[in-house]
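Source file: input33.pdb (PDB, C-alpha atoms)
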```pdb
MODEL        1
ATOM      1  CA  MET A 694     -14.984  17.373  49.806  1.00  0.00           C
ATOM      2  CA  ALA A 695     -15.134  19.085  46.445  1.00  0.00           C
ATOM      3  CA  ILE A 696     -15.313  16.866  43.387  1.00  0.00           C
ATOM      4  CA  ALA A 697     -13.147  17.956  40.530  1.00  0.00           C
ATOM      5  CA  PRO A 698     -15.050  18.489  37.298  1.00  0.00           C
ATOM      6  CA  PRO A 699     -14.378  15.977  34.538  1.00  0.00           C
ATOM      7  CA  PRO A 700     -11.717  16.995  32.027  1.00  0.00           C
ATOM      8  CA  PRO A 701     -13.078  18.636  28.902  1.00  0.00           C
ATOM      9  CA  LEU A 702     -13.592  16.402  25.926  1.00  0.00           C
ATOM     10  CA  ALA A 703     -11.000  16.754  23.217  1.00  0.00           C
ATOM     11  CA  ALA A 704     -12.310  18.786  20.340  1.00  0.00           C
ATOM     12  CA  GLU A 705     -12.988  16.853  17.152  1.00  0.00           C
ATOM     13  CA  PRO A 706     -10.580  17.831  14.368  1.00  0.00           C
ATOM     14  CA  GLU A 707     -12.176  19.954  11.674  1.00  0.00           C
ATOM     15  CA  PRO A 708     -12.963  18.216   8.375  1.00  0.00           C
ATOM     16  CA  ARG A 709     -10.498  20.463   6.540  1.00  0.00           C
ATOM     17  CA  ALA A 710      -7.713  19.403   8.951  1.00  0.00           C
ATOM     18  CA  ILE A 711      -8.579  15.725   8.357  1.00  0.00           C
ATOM     19  CA  LEU A 712      -8.550  16.212   4.587  1.00  0.00           C
ATOM     20  CA  GLY A 713      -5.270  18.125   4.763  1.00  0.00           C
ATOM     21  CA  ALA A 714      -3.581  15.387   6.775  1.00  0.00           C
ATOM     22  CA  ARG A 715      -4.863  12.789   4.296  1.00  0.00           C
ATOM     23  CA  VAL A 716      -3.520  14.707   1.302  1.00  0.00           C
ATOM     24  CA  ARG A 717      -0.142  15.050   3.024  1.00  0.00           C
ATOM     25  CA  ALA A 718      -0.001  11.332   3.915  1.00  0.00           C
ATOM     26  CA  LEU A 719      -0.921  10.259   0.388  1.00  0.00           C
ATOM     27  CA  ARG A 720       1.597  12.658  -1.137  1.00  0.00           C
ATOM     28  CA  ASP A 721       4.342  11.379   1.171  1.00  0.00           C
ATOM     29  CA  ALA A 722       3.449   7.769   0.363  1.00  0.00           C
ATOM     30  CA  MET A 723       3.914   8.509  -3.339  1.00  0.00           C
ATOM     31  CA  GLY A 724       7.250  10.205  -2.702  1.00  0.00           C
ATOM     32  CA  LEU A 725       6.039  13.506  -4.143  1.00  0.00           C
ATOM     33  CA  SER A 726       7.101  17.003  -3.134  1.00  0.00           C
ATOM     34  CA  LEU A 727       4.549  19.816  -3.038  1.00  0.00           C
ATOM     35  CA  ARG A 728       5.942  21.021  -6.357  1.00  0.00           C
ATOM     36  CA  ASP A 729       5.609  17.526  -7.851  1.00  0.00           C
ATOM     37  CA  LEU A 730       1.964  17.290  -6.837  1.00  0.00           C
ATOM     38  CA  ALA A 731       1.327  20.835  -8.050  1.00  0.00           C
ATOM     39  CA  ASP A 732       2.702  19.908 -11.483  1.00  0.00           C
ATOM     40  CA  ARG A 733       0.565  16.756 -11.580  1.00  0.00           C
ATOM     41  CA  CYS A 734      -2.747  18.355 -10.586  1.00  0.00           C
ATOM     42  CA  GLY A 735      -2.505  21.980 -11.703  1.00  0.00           C
ATOM     43  CA  VAL A 736      -3.052  23.365  -8.191  1.00  0.00           C
ATOM     44  CA  SER A 737      -0.404  25.794  -6.976  1.00  0.00           C
ATOM     45  CA  ALA A 738       2.087  24.633  -4.344  1.00  0.00           C
ATOM     46  CA  PRO A 739       1.077  27.438  -1.916  1.00  0.00           C
ATOM     47  CA  MET A 740      -2.589  26.374  -2.182  1.00  0.00           C
ATOM     48  CA  LEU A 741      -1.639  22.734  -1.623  1.00  0.00           C
ATOM     49  CA  SER A 742       0.379  23.750   1.433  1.00  0.00           C
ATOM     50  CA  GLN A 743      -2.623  25.608   2.855  1.00  0.00           C
ATOM     51  CA  VAL A 744      -4.856  22.579   2.253  1.00  0.00           C
ATOM     52  CA  GLU A 745      -2.388  20.210   3.928  1.00  0.00           C
ATOM     53  CA  ARG A 746      -2.094  22.481   6.972  1.00  0.00           C
ATOM     54  CA  GLY A 747      -5.871  22.690   7.269  1.00  0.00           C
ATOM     55  CA  GLU A 748      -5.858  26.441   6.714  1.00  0.00           C
ATOM     56  CA  THR A 749      -8.373  26.325   3.871  1.00  0.00           C
ATOM     57  CA  SER A 750     -11.046  24.043   2.482  1.00  0.00           C
ATOM     58  CA  PRO A 751     -10.623  23.380  -1.236  1.00  0.00           C
ATOM     59  CA  THR A 752     -13.580  23.697  -3.553  1.00  0.00           C
ATOM     60  CA  LEU A 753     -14.874  20.485  -5.090  1.00  0.00           C
ATOM     61  CA  ALA A 754     -13.173  21.414  -8.343  1.00  0.00           C
ATOM     62  CA  VAL A 755      -9.810  21.913  -6.629  1.00  0.00           C
ATOM     63  CA  ALA A 756     -10.256  18.757  -4.533  1.00  0.00           C
ATOM     64  CA  GLY A 757     -11.006  16.825  -7.722  1.00  0.00           C
ATOM     65  CA  ARG A 758      -7.771  18.060  -9.308  1.00  0.00           C
ATOM     66  CA  ILE A 759      -5.810  17.123  -6.181  1.00  0.00           C
ATOM     67  CA  ALA A 760      -7.387  13.662  -6.286  1.00  0.00           C
ATOM     68  CA  THR A 761      -6.338  13.272  -9.924  1.00  0.00           C
ATOM     69  CA  GLY A 762      -2.776  14.221  -9.019  1.00  0.00           C
ATOM     70  CA  LEU A 763      -2.828  11.523  -6.342  1.00  0.00           C
ATOM     71  CA  GLU A 764      -4.223   8.977  -8.838  1.00  0.00           C
ATOM     72  CA  LEU A 765      -7.537   8.768  -6.992  1.00  0.00           C
ATOM     73  CA  ARG A 766     -11.164   9.537  -7.666  1.00  0.00           C
ATOM     74  CA  LEU A 767     -12.619  12.443  -5.704  1.00  0.00           C
ATOM     75  CA  SER A 768     -14.780  10.011  -3.738  1.00  0.00           C
ATOM     76  CA  GLN A 769     -11.661   8.077  -2.765  1.00  0.00           C
ATOM     77  CA  LEU A 770      -9.842  11.182  -1.578  1.00  0.00           C
ATOM     78  CA  LEU A 771     -12.855  12.197   0.495  1.00  0.00           C
ATOM     79  CA  ARG A 772     -13.328   8.604   1.676  1.00  0.00           C
ATOM     80  CA  LEU A 773     -16.918   8.533   0.499  1.00  0.00           C
ATOM     81  CA  ASP A 774     -16.387   4.947  -0.699  1.00  0.00           C
ATOM     82  CA  GLU A 775     -15.402   3.672   2.749  1.00  0.00           C
ATOM     83  CA  ASP A 776     -17.690   2.417   5.508  1.00  0.00           C
ATOM     84  CA  GLY A 777     -15.511   3.341   8.485  1.00  0.00           C
ATOM     85  CA  ALA A 778     -12.052   3.617   9.983  1.00  0.00           C
ATOM     86  CA  VAL A 779     -11.713  -0.142  10.639  1.00  0.00           C
ATOM     87  CA  THR A 780     -12.057  -2.849   8.009  1.00  0.00           C
ATOM     88  CA  VAL A 781     -11.872  -6.552   8.880  1.00  0.00           C
ATOM     89  CA  VAL A 782     -11.106  -9.224   6.281  1.00  0.00           C
ATOM     90  CA  ARG A 783     -12.376 -12.599   7.470  1.00  0.00           C
ATOM     91  CA  GLY A 784     -10.353 -15.683   6.637  1.00  0.00           C
ATOM     92  CA  ALA A 785     -13.085 -17.009   4.375  1.00  0.00           C
ATOM     93  CA  ASP A 786     -13.315 -13.718   2.470  1.00  0.00           C
ATOM     94  CA  ARG A 787      -9.707 -13.370   1.344  1.00  0.00           C
ATOM     95  CA  ARG A 788      -9.025 -12.902  -2.335  1.00  0.00           C
ATOM     96  CA  HIS A 789      -7.039 -15.892  -3.568  1.00  0.00           C
ATOM     97  CA  GLY A 790      -5.822 -17.693  -6.635  1.00  0.00           C
ATOM     98  CA  GLY A 791      -2.790 -19.252  -8.289  1.00  0.00           C
ATOM     99  CA  ALA A 792      -1.808 -22.302 -10.309  1.00  0.00           C
ATOM    100  CA  HIS A 793       1.087 -24.645 -11.067  1.00  0.00           C
ATOM    101  CA  GLY A 794       2.147 -25.129  -7.445  1.00  0.00           C
ATOM    102  CA  HIS A 795       1.826 -21.480  -6.398  1.00  0.00           C
ATOM    103  CA  ARG A 796      -1.147 -20.464  -4.264  1.00  0.00           C
ATOM    104  CA  TRP A 797      -1.642 -16.871  -3.078  1.00  0.00           C
ATOM    105  CA  GLU A 798      -4.133 -14.994  -0.955  1.00  0.00           C
ATOM    106  CA  VAL A 799      -4.446 -11.257  -0.249  1.00  0.00           C
ATOM    107  CA  LEU A 800      -4.995 -10.417   3.409  1.00  0.00           C
ATOM    108  CA  THR A 801      -5.716  -6.692   3.025  1.00  0.00           C
ATOM    109  CA  PRO A 802      -9.092  -5.347   1.868  1.00  0.00           C
ATOM    110  CA  PRO A 803      -9.609  -3.951  -1.642  1.00  0.00           C
ATOM    111  CA  LEU A 804     -10.119  -0.395  -0.382  1.00  0.00           C
ATOM    112  CA  PRO A 805      -9.791   2.541  -2.773  1.00  0.00           C
ATOM    113  CA  GLY A 806      -6.603   4.484  -2.275  1.00  0.00           C
ATOM    114  CA  LEU A 807      -4.924   1.773  -0.178  1.00  0.00           C
ATOM    115  CA  ARG A 808      -1.194   2.102  -0.835  1.00  0.00           C
ATOM    116  CA  ALA A 809      -0.019  -1.203   0.692  1.00  0.00           C
ATOM    117  CA  GLU A 810      -1.037  -4.820   0.152  1.00  0.00           C
ATOM    118  CA  LEU A 811      -0.255  -7.817   2.353  1.00  0.00           C
ATOM    119  CA  SER A 812      -0.316 -11.277   0.782  1.00  0.00           C
ATOM    120  CA  ARG A 813       0.659 -14.851   1.684  1.00  0.00           C
ATOM    121  CA  HIS A 814       2.200 -17.215  -0.854  1.00  0.00           C
ATOM    122  CA  ALA A 815       2.605 -21.002  -0.734  1.00  0.00           C
ATOM    123  CA  LEU A 816       5.052 -22.648  -3.124  1.00  0.00           C
ATOM    124  CA  ALA A 817       5.204 -26.356  -3.787  1.00  0.00           C
ATOM    125  CA  PRO A 818       8.640 -27.874  -4.514  1.00  0.00           C
ATOM    126  CA  ALA A 819      10.016 -26.586  -7.848  1.00  0.00           C
ATOM    127  CA  ALA A 820       7.185 -24.052  -8.146  1.00  0.00           C
ATOM    128  CA  SER A 821       7.618 -20.301  -8.626  1.00  0.00           C
ATOM    129  CA  THR A 822       5.624 -17.080  -8.582  1.00  0.00           C
ATOM    130  CA  GLY A 823       4.984 -14.988 -11.658  1.00  0.00           C
ATOM    131  CA  GLY A 824       3.156 -17.613 -13.670  1.00  0.00           C
ATOM    132  CA  PRO A 825      -0.337 -17.724 -15.204  1.00  0.00           C
ATOM    133  CA  GLY A 826      -3.033 -16.880 -12.673  1.00  0.00           C
ATOM    134  CA  ASP A 827      -0.749 -14.657 -10.590  1.00  0.00           C
ATOM    135  CA  PRO A 828      -1.531 -10.995  -9.886  1.00  0.00           C
ATOM    136  CA  PRO A 829      -0.209  -8.461 -12.440  1.00  0.00           C
ATOM    137  CA  ARG A 830       3.241  -6.901 -12.101  1.00  0.00           C
ATOM    138  CA  HIS A 831       3.361  -4.077  -9.592  1.00  0.00           C
ATOM    139  CA  GLU A 832       3.024  -0.434 -10.611  1.00  0.00           C
ATOM    140  CA  PRO A 833       6.119   1.737 -11.192  1.00  0.00           C
ATOM    141  CA  GLY A 834       7.765   2.896  -7.980  1.00  0.00           C
ATOM    142  CA  SER A 835       6.546  -0.038  -5.865  1.00  0.00           C
ATOM    143  CA  ARG A 836       8.673  -1.608  -3.138  1.00  0.00           C
ATOM    144  CA  GLU A 837       8.159  -5.107  -1.759  1.00  0.00           C
ATOM    145  CA  THR A 838       9.224  -6.676   1.529  1.00  0.00           C
ATOM    146  CA  ALA A 839       8.887 -10.437   1.946  1.00  0.00           C
ATOM    147  CA  THR A 840       9.516 -12.729   4.921  1.00  0.00           C
ATOM    148  CA  VAL A 841      10.013 -16.462   4.475  1.00  0.00           C
ATOM    149  CA  GLU A 842       7.787 -18.238   7.011  1.00  0.00           C
ATOM    150  CA  ALA A 843       8.730 -21.805   6.138  1.00  0.00           C
ATOM    151  CA  GLY A 844      11.030 -23.661   3.770  1.00  0.00           C
ATOM    152  CA  ARG A 845      13.613 -22.150   1.436  1.00  0.00           C
ATOM    153  CA  VAL A 846      13.116 -19.849  -1.555  1.00  0.00           C
ATOM    154  CA  VAL A 847      15.265 -18.010  -4.066  1.00  0.00           C
ATOM    155  CA  LEU A 848      14.399 -14.468  -5.142  1.00  0.00           C
ATOM    156  CA  LEU A 849      15.335 -13.746  -8.748  1.00  0.00           C
ATOM    157  CA  CYS A 850      15.306  -9.962  -9.127  1.00  0.00           C
ATOM    158  CA  ASP A 851      16.632  -8.118 -12.159  1.00  0.00           C
ATOM    159  CA  GLY A 852      18.735 -11.113 -13.150  1.00  0.00           C
ATOM    160  CA  GLU A 853      20.323 -11.789  -9.736  1.00  0.00           C
ATOM    161  CA  ARG A 854      19.640 -14.723  -7.394  1.00  0.00           C
ATOM    162  CA  HIS A 855      19.146 -14.255  -3.635  1.00  0.00           C
ATOM    163  CA  PRO A 856      18.773 -17.473  -1.561  1.00  0.00           C
ATOM    164  CA  LEU A 857      16.493 -17.071   1.462  1.00  0.00           C
ATOM    165  CA  ASN A 858      15.832 -19.365   4.404  1.00  0.00           C
ATOM    166  CA  ALA A 859      12.973 -19.459   6.908  1.00  0.00           C
ATOM    167  CA  GLY A 860      13.064 -16.263   8.982  1.00  0.00           C
ATOM    168  CA  ASP A 861      14.910 -14.218   6.335  1.00  0.00           C
ATOM    169  CA  THR A 862      13.407 -10.938   5.099  1.00  0.00           C
ATOM    170  CA  VAL A 863      14.166  -9.179   1.814  1.00  0.00           C
ATOM    171  CA  THR A 864      13.187  -5.751   0.440  1.00  0.00           C
ATOM    172  CA  PHE A 865      13.486  -4.866  -3.236  1.00  0.00           C
ATOM    173  CA  ASP A 866      12.153  -2.709  -6.073  1.00  0.00           C
ATOM    174  CA  ALA A 867       9.004  -4.560  -7.043  1.00  0.00           C
ATOM    175  CA  ASP A 868       8.665  -2.913 -10.446  1.00  0.00           C
ATOM    176  CA  LEU A 869      11.756  -4.798 -11.630  1.00  0.00           C
ATOM    177  CA  PRO A 870      11.348  -8.260 -13.208  1.00  0.00           C
ATOM    178  CA  HIS A 871      11.275 -10.715 -10.292  1.00  0.00           C
ATOM    179  CA  ARG A 872       9.929 -13.991  -9.002  1.00  0.00           C
ATOM    180  CA  PHE A 873      10.324 -16.353  -6.062  1.00  0.00           C
ATOM    181  CA  GLU A 874      11.305 -20.001  -6.644  1.00  0.00           C
ATOM    182  CA  ASN A 875      11.200 -22.962  -4.302  1.00  0.00           C
ATOM    183  CA  PRO A 876      14.342 -25.025  -5.030  1.00  0.00           C
ATOM    184  CA  GLY A 877      13.960 -27.413  -2.101  1.00  0.00           C
ATOM    185  CA  PRO A 878      12.140 -30.691  -1.592  1.00  0.00           C
ATOM    186  CA  ASP A 879       9.715 -29.168   0.954  1.00  0.00           C
ATOM    187  CA  PRO A 880       6.852 -26.672   0.560  1.00  0.00           C
ATOM    188  CA  ALA A 881       7.701 -23.017   1.229  1.00  0.00           C
ATOM    189  CA  ARG A 882       5.566 -20.183   2.532  1.00  0.00           C
ATOM    190  CA  LEU A 883       6.179 -16.434   2.594  1.00  0.00           C
ATOM    191  CA  LEU A 884       4.446 -13.173   3.499  1.00  0.00           C
ATOM    192  CA  ALA A 885       4.839 -10.170   1.214  1.00  0.00           C
ATOM    193  CA  VAL A 886       3.976  -6.491   1.614  1.00  0.00           C
ATOM    194  CA  VAL A 887       3.902  -4.280  -1.482  1.00  0.00           C
ATOM    195  CA  CYS A 888       3.888  -0.515  -0.978  1.00  0.00           C
ATOM    196  CA  ALA A 889       3.134   1.722  -3.933  1.00  0.00           C
ATOM    197  CA  GLY A 890       5.182   4.775  -4.798  1.00  0.00           C
ATOM    198  CA  LEU A 891       7.963   4.167  -2.287  1.00  0.00           C
ATOM    199  CA  ARG A 892      10.888   3.207  -4.517  1.00  0.00           C
ATOM    200  CA  ARG A 893      14.120   4.894  -3.481  1.00  0.00           C
ATOM    201  CA  SER A 894      15.425   7.603  -5.790  1.00  0.00           C
TER     202      SER A 894
ENDMDL
END
```
Translate the structure of the given file into structure tokens.
Amino acid sequence: MAIAPPPPLAAEPEPRAILGARVRALRDAMGLSLRDLADRCGVSAPMLSQVERGETSPTLAVAGRIATGLELRLSQLLRLDEDGAVTVVRGADRRHGGAHGHRWEVLTPPLPGLRAELSRHALAPAASTGGPGDPPRHEPGSRETATVEAGRVVLLCDGERHPLNAGDTVTFDADLPHRFENPGPDPARLLAVVCAGLRRS
């Protein structure tokens, strides 16, 4: 009985195809068109299109200009600062802080070029976010989605109040003035994801 030969191994994608897909993903995450990125970095839109499709490998000078347009260092665009495709943040290694009844911890790693951040917040009764010791206000164009895990909170965003109960999820423009308050007698806890450059037009 003849034994069928094993299937051929899938070919590894070429480095220029990997770089092109990364440029496209980063551009999309920032909500930029090819023309927008071309204006920001000084590289023509046709050249950017060729890079994104993996049809050409940019010189280091061109790659550096593309990185600048994407608000990255060249090493970040080329992922020279990263150790691998998988990064694990152990519970004991989370970044954390807070004061005055608000405790926060960041669950995502501080990787260069990371466009989303996941954090958990605990609010004591009558406490709120946005006080001393909290992270800085988010960059322009950011969007935030938060899910209340326990208790009740009120989101104050751009002067409006939005009561939220356990299990509720809210999405809003995170570059607007905002904070979460705990109006109830019990502690509250919420998860928040902030994505940069995704604000609706």
- Radius query 9 Å about (11.0, -4.0, -6.4), atoms used: only C-alpha atoms, as a PyMOL selection string: chain A and resi 831+833-838+850+864-871+887+892
- Task: Identify all residues satisfying the PyMOL selection byres ((chain A and resi 862) around 12) in the given file; provide them as number ranges by chain.
- Result: A: 837-843, 845-848, 855-861, 863-865, 883-886
Go ahead and write the residues just picked, C-alpha atoms, as an mmCIF file, in the coordinates of the input.
```cif
data_model
loop_
_atom_site.group_PDB
_atom_site.id
_atom_site.type_symbol
_atom_site.label_atom_id
_atom_site.label_comp_id
_atom_site.auth_asym_id
_atom_site.auth_seq_id
_atom_site.Cartn_x
_atom_site.Cartn_y
_atom_site.Cartn_z
ATOM 1 C CA GLU A 837 8.159 -5.107 -1.759
ATOM 2 C CA THR A 838 9.224 -6.676 1.529
ATOM 3 C CA ALA A 839 8.887 -10.437 1.946
ATOM 4 C CA THR A 840 9.516 -12.729 4.921
ATOM 5 C CA VAL A 841 10.013 -16.462 4.475
ATOM 6 C CA GLU A 842 7.787 -18.238 7.011
ATOM 7 C CA ALA A 843 8.730 -21.805 6.138
ATOM 8 C CA ARG A 845 13.613 -22.150 1.436
ATOM 9 C CA VAL A 846 13.116 -19.849 -1.555
ATOM 10 C CA VAL A 847 15.265 -18.010 -4.066
ATOM 11 C CA LEU A 848 14.399 -14.468 -5.142
ATOM 12 C CA HIS A 855 19.146 -14.255 -3.635
ATOM 13 C CA PRO A 856 18.773 -17.473 -1.561
ATOM 14 C CA LEU A 857 16.493 -17.071 1.462
ATOM 15 C CA ASN A 858 15.832 -19.365 4.404
ATOM 16 C CA ALA A 859 12.973 -19.459 6.908
ATOM 17 C CA GLY A 860 13.064 -16.263 8.982
ATOM 18 C CA ASP A 861 14.910 -14.218 6.335
ATOM 19 C CA VAL A 863 14.166 -9.179 1.814
ATOM 20 C CA THR A 864 13.187 -5.751 0.440
ATOM 21 C CA PHE A 865 13.486 -4.866 -3.236
ATOM 22 C CA LEU A 883 6.179 -16.434 2.594
ATOM 23 C CA LEU A 884 4.446 -13.173 3.499
ATOM 24 C CA ALA A 885 4.839 -10.170 1.214
ATOM 25 C CA VAL A 886 3.976 -6.491 1.614
#
```
- Query: On this structure, which residues satisfy the PyMOL selection byres ((chain A and resi 758) around 12), written as a ChimeraX atom specification?
  - Reply: /A:716,730-737,741,751-757,759-767,770
- What separation in Å, quoted to one decimal, exists between atom CA of A:Pro880 and atom CA of A:Arg783?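 So the answer is 24.8 Å.
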- Find, counting all atoms listed in the file, the residue in A:Gly844, A:Arg720, A:Ser812, A:Gly713 that gets nearest to A:Met740.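 Looking only at the distances to A:Met740, the closest residue turns out to be A:Gly713.
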- Task: Could you check how far atom CA of A:Leu712 sits from atom CA of A:Glu745, in Å to one decimal?
- Result: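 Rounded to one decimal, the two atoms are 7.4 Å apart.
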- Item | Explicit residues for the PyMOL selection byres ((chain A and resi 787) around 8) (as a list in words) | Val782, Arg783, Gly784, Ala785, Asp786, Arg788, His789, Glu798, Val799, Leu800 and Thr801 of chain A
- With distances taken over only C-alpha atoms, the candidate from A:His814, A:Leu804, A:Trp797, A:Gln769 nearest A:Val781 is A:Leu804
- Distance atom CA of A:Pro739-atom CA of A:Leu725, one decimal place?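 Distance reported for this atom pair: 15.0 Å.
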- Query: With all atoms listed in the file as the atoms that count, which of A:Arg772, A:Arg854, A:Arg709, A:Arg813 lies nearest to A:Gly791?
  - Reply: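 Among the listed residues, A:Arg813 lies closest to A:Gly791.
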